[in-house]
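File shown: model_30.cif (mmCIF, C-alpha atoms and all ligand atoms; chains and numbers go by the auth columns).
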data_entry
loop_
_atom_site.group_PDB
_atom_site.id
_atom_site.type_symbol
_atom_site.label_atom_id
_atom_site.label_comp_id
_atom_site.label_asym_id
_atom_site.label_seq_id
_atom_site.Cartn_x
_atom_site.Cartn_y
_atom_site.Cartn_z
_atom_site.B_iso_or_equiv
_atom_site.auth_seq_id
_atom_site.auth_asym_id
ATOM 1 C CA MET A 1 125.702 120.666 71.450 0.00 1 N
ATOM 2 C CA THR A 2 125.584 124.087 69.798 0.00 2 N
ATOM 3 C CA LYS A 3 125.535 124.008 66.009 0.00 3 N
ATOM 4 C CA ILE A 4 127.869 126.553 64.497 0.00 4 N
ATOM 5 C CA ALA A 5 129.079 127.721 61.095 0.00 5 N
ATOM 6 C CA VAL A 6 132.602 129.099 60.823 0.00 6 N
ATOM 7 C CA PHE A 7 133.239 131.811 58.220 0.00 7 N
ATOM 8 C CA ALA A 8 136.805 132.014 56.901 0.00 8 N
ATOM 9 C CA SER A 9 138.658 133.479 53.922 0.00 9 N
ATOM 10 C CA GLY A 10 142.296 132.640 54.583 0.00 10 N
ATOM 11 C CA GLN A 11 144.700 130.306 56.338 0.00 11 N
ATOM 12 C CA GLY A 12 142.115 129.019 58.771 0.00 12 N
ATOM 13 C CA SER A 13 144.402 128.558 61.759 0.00 13 N
ATOM 14 C CA ASN A 14 141.587 129.718 64.055 0.00 14 N
ATOM 15 C CA LEU A 15 139.212 127.341 62.312 0.00 15 N
ATOM 16 C CA GLN A 16 141.722 124.572 63.044 0.00 16 N
ATOM 17 C CA ALA A 17 141.864 125.564 66.704 0.00 17 N
ATOM 18 C CA LEU A 18 138.069 125.295 66.869 0.00 18 N
ATOM 19 C CA ILE A 19 138.054 121.949 65.052 0.00 19 N
ATOM 20 C CA ASP A 20 140.660 120.612 67.484 0.00 20 N
ATOM 21 C CA ALA A 21 138.905 121.984 70.574 0.00 21 N
ATOM 22 C CA SER A 22 135.618 120.486 69.427 0.00 22 N
ATOM 23 C CA ALA A 23 137.257 117.107 68.764 0.00 23 N
ATOM 24 C CA LYS A 24 138.826 117.131 72.237 0.00 24 N
ATOM 25 C CA GLY A 25 135.513 117.954 73.875 0.00 25 N
ATOM 26 C CA GLU A 26 136.800 121.356 75.025 0.00 26 N
ATOM 27 C CA LEU A 27 134.279 123.247 72.899 0.00 27 N
ATOM 28 C CA PRO A 28 130.674 122.094 73.237 0.00 28 N
ATOM 29 C CA ALA A 29 129.867 122.813 69.605 0.00 29 N
ATOM 30 C CA ARG A 30 129.567 121.015 66.308 0.00 30 N
ATOM 31 C CA ILE A 31 131.028 122.812 63.320 0.00 31 N
ATOM 32 C CA GLU A 32 128.367 121.913 60.782 0.00 32 N
ATOM 33 C CA LEU A 33 129.527 124.192 58.002 0.00 33 N
ATOM 34 C CA VAL A 34 132.470 126.297 56.857 0.00 34 N
ATOM 35 C CA VAL A 35 131.499 129.276 54.706 0.00 35 N
ATOM 36 C CA SER A 36 134.098 130.973 52.528 0.00 36 N
ATOM 37 C CA ASP A 37 134.200 133.724 49.920 0.00 37 N
ATOM 38 C CA SER A 38 137.525 132.516 48.600 0.00 38 N
ATOM 39 C CA ARG A 39 137.886 129.385 46.507 0.00 39 N
ATOM 40 C CA GLY A 40 141.126 127.583 47.197 0.00 40 N
ATOM 41 C CA CYS A 41 141.876 129.151 50.592 0.00 41 N
ATOM 42 C CA TYR A 42 143.610 126.851 53.068 0.00 42 N
ATOM 43 C CA ALA A 43 140.708 127.082 55.505 0.00 43 N
ATOM 44 C CA LEU A 44 138.662 125.042 53.024 0.00 44 N
ATOM 45 C CA THR A 45 141.342 122.337 52.914 0.00 45 N
ATOM 46 C CA ARG A 46 141.242 122.159 56.704 0.00 46 N
ATOM 47 C CA ALA A 47 137.440 121.836 56.616 0.00 47 N
ATOM 48 C CA GLU A 48 137.583 119.084 54.030 0.00 48 N
ATOM 49 C CA GLU A 49 140.218 117.202 56.016 0.00 49 N
ATOM 50 C CA ALA A 50 137.916 117.359 59.028 0.00 50 N
ATOM 51 C CA ALA A 51 134.963 116.191 56.883 0.00 51 N
ATOM 52 C CA ILE A 52 133.055 119.425 57.473 0.00 52 N
ATOM 53 C CA GLU A 53 130.637 120.580 54.800 0.00 53 N
ATOM 54 C CA THR A 54 131.752 123.703 52.951 0.00 54 N
ATOM 55 C CA LEU A 55 129.870 126.466 51.183 0.00 55 N
ATOM 56 C CA VAL A 56 131.972 128.609 48.872 0.00 56 N
ATOM 57 C CA LEU A 57 130.284 131.619 47.347 0.00 57 N
ATOM 58 C CA ARG A 58 132.080 134.357 45.480 0.00 58 N
ATOM 59 C CA PRO A 59 130.378 137.718 45.992 0.00 59 N
ATOM 60 C CA ALA A 60 131.154 138.670 42.390 0.00 60 N
ATOM 61 C CA ASP A 61 128.705 135.990 41.260 0.00 61 N
ATOM 62 C CA TYR A 62 125.807 137.729 43.062 0.00 62 N
ATOM 63 C CA GLY A 63 124.121 141.000 42.201 0.00 63 N
ATOM 64 C CA SER A 64 123.996 142.389 45.740 0.00 64 N
ATOM 65 C CA ARG A 65 125.113 141.670 49.286 0.00 65 N
ATOM 66 C CA SER A 66 121.549 140.859 50.299 0.00 66 N
ATOM 67 C CA HIS A 67 121.252 138.242 47.556 0.00 67 N
ATOM 68 C CA TYR A 68 124.670 136.832 48.510 0.00 68 N
ATOM 69 C CA GLU A 69 123.696 136.594 52.160 0.00 69 N
ATOM 70 C CA ALA A 70 120.235 135.203 51.385 0.00 70 N
ATOM 71 C CA VAL A 71 121.864 132.205 49.707 0.00 71 N
ATOM 72 C CA ILE A 72 124.098 131.676 52.746 0.00 72 N
ATOM 73 C CA LEU A 73 121.129 132.120 55.104 0.00 73 N
ATOM 74 C CA GLU A 74 119.144 129.424 53.325 0.00 74 N
ATOM 75 C CA LYS A 75 121.925 126.922 54.025 0.00 75 N
ATOM 76 C CA LEU A 76 122.321 128.084 57.652 0.00 76 N
ATOM 77 C CA LEU A 77 118.624 127.595 58.292 0.00 77 N
ATOM 78 C CA GLU A 78 118.604 124.217 56.570 0.00 78 N
ATOM 79 C CA LEU A 79 121.378 123.053 58.905 0.00 79 N
ATOM 80 C CA LYS A 80 119.752 124.717 61.940 0.00 80 N
ATOM 81 C CA ILE A 81 122.890 126.733 62.653 0.00 81 N
ATOM 82 C CA GLU A 82 122.692 128.629 65.966 0.00 82 N
ATOM 83 C CA TYR A 83 125.827 130.795 65.901 0.00 83 N
ATOM 84 C CA LEU A 84 128.035 132.234 63.156 0.00 84 N
ATOM 85 C CA VAL A 85 131.702 132.312 64.133 0.00 85 N
ATOM 86 C CA LEU A 86 133.920 134.538 62.004 0.00 86 N
ATOM 87 C CA ALA A 87 137.558 133.462 61.824 0.00 87 N
ATOM 88 C CA GLY A 88 139.421 135.571 59.312 0.00 88 N
ATOM 89 C CA PHE A 89 136.367 136.232 57.142 0.00 89 N
ATOM 90 C CA MET A 90 137.281 139.259 55.064 0.00 90 N
ATOM 91 C CA ARG A 91 133.817 140.674 54.412 0.00 91 N
ATOM 92 C CA LEU A 92 131.432 142.878 56.356 0.00 92 N
ATOM 93 C CA ILE A 93 128.219 141.154 57.439 0.00 93 N
ATOM 94 C CA GLY A 94 125.000 142.821 56.265 0.00 94 N
ATOM 95 C CA PRO A 95 121.436 143.142 57.550 0.00 95 N
ATOM 96 C CA THR A 96 120.225 139.851 56.060 0.00 96 N
ATOM 97 C CA LEU A 97 122.416 137.798 58.404 0.00 97 N
ATOM 98 C CA LEU A 98 122.536 140.312 61.282 0.00 98 N
ATOM 99 C CA GLU A 99 118.744 140.433 61.594 0.00 99 N
ATOM 100 C CA ARG A 100 118.389 136.662 61.586 0.00 100 N
ATOM 101 C CA TYR A 101 121.269 136.118 64.054 0.00 101 N
ATOM 102 C CA PRO A 102 121.113 138.982 66.570 0.00 102 N
ATOM 103 C CA GLU A 103 123.998 138.672 69.088 0.00 103 N
ATOM 104 C CA ARG A 104 124.797 135.361 67.516 0.00 104 N
ATOM 105 C CA ILE A 105 127.569 136.425 65.163 0.00 105 N
ATOM 106 C CA ILE A 106 131.000 136.547 66.790 0.00 106 N
ATOM 107 C CA ASN A 107 134.359 137.737 65.475 0.00 107 N
ATOM 108 C CA ILE A 108 137.963 137.606 66.622 0.00 108 N
ATOM 109 C CA HIS A 109 140.324 140.478 65.887 0.00 109 N
ATOM 110 C CA PRO A 110 144.075 140.708 66.512 0.00 110 N
ATOM 111 C CA SER A 111 144.193 143.993 68.424 0.00 111 N
ATOM 112 C CA LEU A 112 142.763 145.610 71.529 0.00 112 N
ATOM 113 C CA LEU A 113 139.707 147.155 69.901 0.00 113 N
ATOM 114 C CA PRO A 114 138.765 149.951 69.459 0.00 114 N
ATOM 115 C CA LEU A 115 142.451 150.314 68.566 0.00 115 N
ATOM 116 C CA PHE A 116 143.495 149.197 65.091 0.00 116 N
ATOM 117 C CA PRO A 117 140.284 147.959 63.458 0.00 117 N
ATOM 118 C CA GLY A 118 140.253 146.677 59.868 0.00 118 N
ATOM 119 C CA LYS A 119 143.007 145.089 57.888 0.00 119 N
ATOM 120 C CA ASP A 120 146.499 144.308 59.179 0.00 120 N
ATOM 121 C CA ALA A 121 145.868 145.153 62.808 0.00 121 N
ATOM 122 C CA ILE A 122 149.223 143.659 63.800 0.00 122 N
ATOM 123 C CA GLY A 123 151.071 145.835 61.285 0.00 123 N
ATOM 124 C CA GLN A 124 149.111 148.848 62.495 0.00 124 N
ATOM 125 C CA ALA A 125 150.115 148.136 66.097 0.00 125 N
ATOM 126 C CA LEU A 126 153.797 147.764 65.169 0.00 126 N
ATOM 127 C CA ALA A 127 153.711 150.972 63.118 0.00 127 N
ATOM 128 C CA ALA A 128 152.195 152.797 66.101 0.00 128 N
ATOM 129 C CA GLU A 129 155.018 151.425 68.303 0.00 129 N
ATOM 130 C CA VAL A 130 152.640 150.403 71.059 0.00 130 N
ATOM 131 C CA THR A 131 154.097 148.542 74.024 0.00 131 N
ATOM 132 C CA GLU A 132 151.108 146.269 74.347 0.00 132 N
ATOM 133 C CA THR A 133 148.487 144.841 72.070 0.00 133 N
ATOM 134 C CA GLY A 134 146.251 141.802 72.162 0.00 134 N
ATOM 135 C CA VAL A 135 143.173 140.026 70.921 0.00 135 N
ATOM 136 C CA THR A 136 139.495 140.993 71.041 0.00 136 N
ATOM 137 C CA ILE A 137 136.444 138.786 70.672 0.00 137 N
ATOM 138 C CA HIS A 138 133.272 140.710 69.962 0.00 138 N
ATOM 139 C CA TYR A 139 129.736 140.522 68.682 0.00 139 N
ATOM 140 C CA VAL A 140 129.417 141.593 65.081 0.00 140 N
ATOM 141 C CA ASP A 141 127.399 144.617 64.054 0.00 141 N
ATOM 142 C CA GLU A 142 127.184 146.423 60.729 0.00 142 N
ATOM 143 C CA GLY A 143 130.518 148.222 61.234 0.00 143 N
ATOM 144 C CA MET A 144 134.101 147.112 60.750 0.00 144 N
ATOM 145 C CA ASP A 145 135.212 145.539 64.067 0.00 145 N
ATOM 146 C CA THR A 146 132.873 147.820 66.033 0.00 146 N
ATOM 147 C CA GLY A 147 130.456 145.476 67.819 0.00 147 N
ATOM 148 C CA PRO A 148 130.139 145.017 71.603 0.00 148 N
ATOM 149 C CA ILE A 149 133.265 143.519 73.146 0.00 149 N
ATOM 150 C CA ILE A 150 132.916 140.140 74.809 0.00 150 N
ATOM 151 C CA ALA A 151 136.509 139.465 75.865 0.00 151 N
ATOM 152 C CA GLN A 152 140.012 140.864 75.468 0.00 152 N
ATOM 153 C CA GLU A 153 143.417 139.596 76.402 0.00 153 N
ATOM 154 C CA ARG A 154 146.577 141.678 76.236 0.00 154 N
ATOM 155 C CA ILE A 155 150.193 140.853 75.560 0.00 155 N
ATOM 156 C CA SER A 156 153.199 143.124 75.709 0.00 156 N
ATOM 157 C CA VAL A 157 155.156 143.907 72.574 0.00 157 N
ATOM 158 C CA ASN A 158 158.801 143.149 73.276 0.00 158 N
ATOM 159 C CA PRO A 159 161.340 145.894 72.482 0.00 159 N
ATOM 160 C CA GLY A 160 162.507 145.471 68.882 0.00 160 N
ATOM 161 C CA GLU A 161 160.099 142.587 68.291 0.00 161 N
ATOM 162 C CA ASP A 162 159.554 141.836 64.604 0.00 162 N
ATOM 163 C CA ARG A 163 156.311 141.117 62.872 0.00 163 N
ATOM 164 C CA ARG A 164 156.839 137.390 62.565 0.00 164 N
ATOM 165 C CA SER A 165 157.359 136.995 66.289 0.00 165 N
ATOM 166 C CA LEU A 166 154.425 139.184 67.304 0.00 166 N
ATOM 167 C CA GLU A 167 152.144 137.527 64.776 0.00 167 N
ATOM 168 C CA GLY A 168 153.095 134.107 66.125 0.00 168 N
ATOM 169 C CA ARG A 169 152.355 135.110 69.707 0.00 169 N
ATOM 170 C CA ILE A 170 149.055 136.758 68.786 0.00 170 N
ATOM 171 C CA HIS A 171 147.926 133.730 66.820 0.00 171 N
ATOM 172 C CA ALA A 172 148.830 131.418 69.698 0.00 172 N
ATOM 173 C CA LEU A 173 146.763 133.635 71.987 0.00 173 N
ATOM 174 C CA GLU A 174 143.833 133.605 69.549 0.00 174 N
ATOM 175 C CA HIS A 175 143.908 129.824 69.296 0.00 175 N
ATOM 176 C CA ARG A 176 143.694 129.527 73.069 0.00 176 N
ATOM 177 C CA LEU A 177 141.201 132.329 73.682 0.00 177 N
ATOM 178 C CA TYR A 178 138.621 131.710 70.942 0.00 178 N
ATOM 179 C CA PRO A 179 137.554 128.188 72.001 0.00 179 N
ATOM 180 C CA LYS A 180 137.546 129.233 75.666 0.00 180 N
ATOM 181 C CA VAL A 181 135.337 132.293 75.136 0.00 181 N
ATOM 182 C CA LEU A 182 133.011 130.516 72.721 0.00 182 N
ATOM 183 C CA LYS A 183 132.541 127.774 75.284 0.00 183 N
ATOM 184 C CA GLN A 184 131.524 130.384 77.852 0.00 184 N
ATOM 185 C CA ILE A 185 129.068 131.941 75.407 0.00 185 N
ATOM 186 C CA PHE A 186 127.533 128.621 74.408 0.00 186 N
ATOM 187 C CA THR A 187 127.157 127.508 77.993 0.00 187 N
ATOM 188 C CA GLY A 188 125.644 130.817 79.067 0.00 188 N
ATOM 189 C CA GLY A 189 128.496 132.111 81.227 0.00 189 N
ATOM 190 C CA ASN A 190 130.238 135.455 81.103 0.00 190 N
ATOM 191 C CA ALA A 191 133.303 135.305 78.915 0.00 191 N
ATOM 192 C CA ASN A 192 136.622 136.239 80.528 0.00 192 N
ATOM 193 C CA GLY A 193 134.896 137.621 83.591 0.00 193 N
ATOM 194 C CA LYS A 194 133.859 140.637 81.548 0.00 194 N
ATOM 195 C CA THR A 195 130.343 141.950 81.757 0.00 195 N
ATOM 196 C CA ARG A 196 128.609 141.820 78.444 0.00 196 N
ATOM 197 C CA THR A 197 128.280 145.332 77.165 0.00 197 N
ATOM 198 C CA ASN A 198 125.042 144.791 75.281 0.00 198 N
HETATM 199 C C1 LIG B . 143.230 136.246 62.698 0.00 201 N
HETATM 200 O O1 LIG B . 144.310 137.014 63.164 0.00 201 N
HETATM 201 C C2 LIG B . 141.933 136.865 63.134 0.00 201 N
HETATM 202 O O2 LIG B . 142.015 137.540 64.340 0.00 201 N
HETATM 203 C C3 LIG B . 141.657 137.842 62.026 0.00 201 N
HETATM 204 O O3 LIG B . 142.098 137.207 60.855 0.00 201 N
HETATM 205 C C4 LIG B . 143.138 136.287 61.190 0.00 201 N
HETATM 206 C C5 LIG B . 142.747 134.973 60.607 0.00 201 N
HETATM 207 O O4 LIG B . 143.780 134.023 60.698 0.00 201 N
HETATM 208 N N1 LIG B . 140.271 138.223 62.000 0.00 201 N
HETATM 209 P P1 LIG B . 143.458 132.504 60.350 0.00 201 N
HETATM 210 O O5 LIG B . 142.874 132.463 58.946 0.00 201 N
HETATM 211 O O6 LIG B . 142.502 131.993 61.373 0.00 201 N
HETATM 212 O O7 LIG B . 144.783 131.798 60.398 0.00 201 N
#

Spit out the file's structure as structure tokens when you get a sec.
Ligand code: GRF
Amino acid sequence: MTKIAVFASGQGSNLQALIDASAKGELPARIELVVSDSRGCYALTRAEEAAIETLVLRPADYGSRSHYEAVILEKLLELKIEYLVLAGFMRLIGPTLLERYPERIINIHPSLLPLFPGKDAIGQALAAEVTETGVTIHYVDEGMDTGPIIAQERISVNPGEDRRSLEGRIHALEHRLYPKVLKQIFTGGNANGKTRTN
């Protein structure tokens, strides 16, 4: 059973999907820890309800990113965490964690990267009036949503579709795709039939 830490800053609906998939035996992983930079976010409530240990660290309380990440790293090593799974974590990951977890930090992003990286990818896609968008799962590097792509799935944007509807469909896709692709990674298979690009 792969030991993972999930990093989240917000609603935590992807965290919930991973908790549920793990409980159902669909994801061969144990979520040992939820890391957050945001006290009071709903992801932490979900973790507590699932009896998962939480680590909440506010960057403002640390002098530098390397110090901030060193404190997180200490906990990850103590718990023997093998993979870091980002699920709505709103911070860039720095060298301290990247060097210790090469190709073992994974993120999900609600667009077909390299299109629409960064914040509000769904709003960016709607503003660009694209006819299709989707979800990308990728390895994390030092950039913003720039790491090697592991899997993508596309959906069409319906004519006149509003944000609420598109967001709902993208989230539903994320909740299905993330556990499936993580399972393939943890069991050594190729995710989504795609060749790993790294
Ligand atoms: C998701 O859309 C994810 O792709 C992005 O942030 C959002 C997090 O949503 N990175 P939630 O907190 O999992 O509900």

Skip range 82-90 of chain N itself and residues of its chain fewer than 6 positions away, then list as a ChimeraX atom specification all residues within 8 Å of it, counting all atoms listed in the file. /N:2-10,12,14-15,36-37,101,104-108

On this file, the PyMOL selection byres (((chain N and resi 100) around 12) and not hetatm) gives some set of residues; write that set as a ChimeraX atom specification. /N:69-70,72-74,76-77,81-84,93-99,101-105

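CA of Val157 in chain N sits 18.3 Å away from CA of His175 in chain N.
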
Answer key for the PyMOL selection byres (((chain N and resi 172) around 12) and not hetatm), residues as a PyMOL selection string: chain N and resi 13-14+16-17+110+134-135+153+155+165-171+173-179

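For the atom pair formed by CA of Glu48 in chain N and CA of Val34 in chain N, the distance is 9.3 Å, given to one decimal.
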
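Shortest separation to ligand LIG 201 (chain N) among N:Ala21, N:Val71, N:Cys41, N:Ala29 occurs at residue N:Cys41, atoms counted being only C-alpha atoms and all ligand atoms.
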
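For the residues N:Val140, N:Val35, N:Ala121, N:Ala151, ranking by smallest atom-to-atom distance to ligand LIG 201 (chain N) using only C-alpha atoms and all ligand atoms places N:Ala121 first.
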
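For the pair CA of Gln152 in chain N and CA of Leu44 in chain N, the separation is 27.5 Å.
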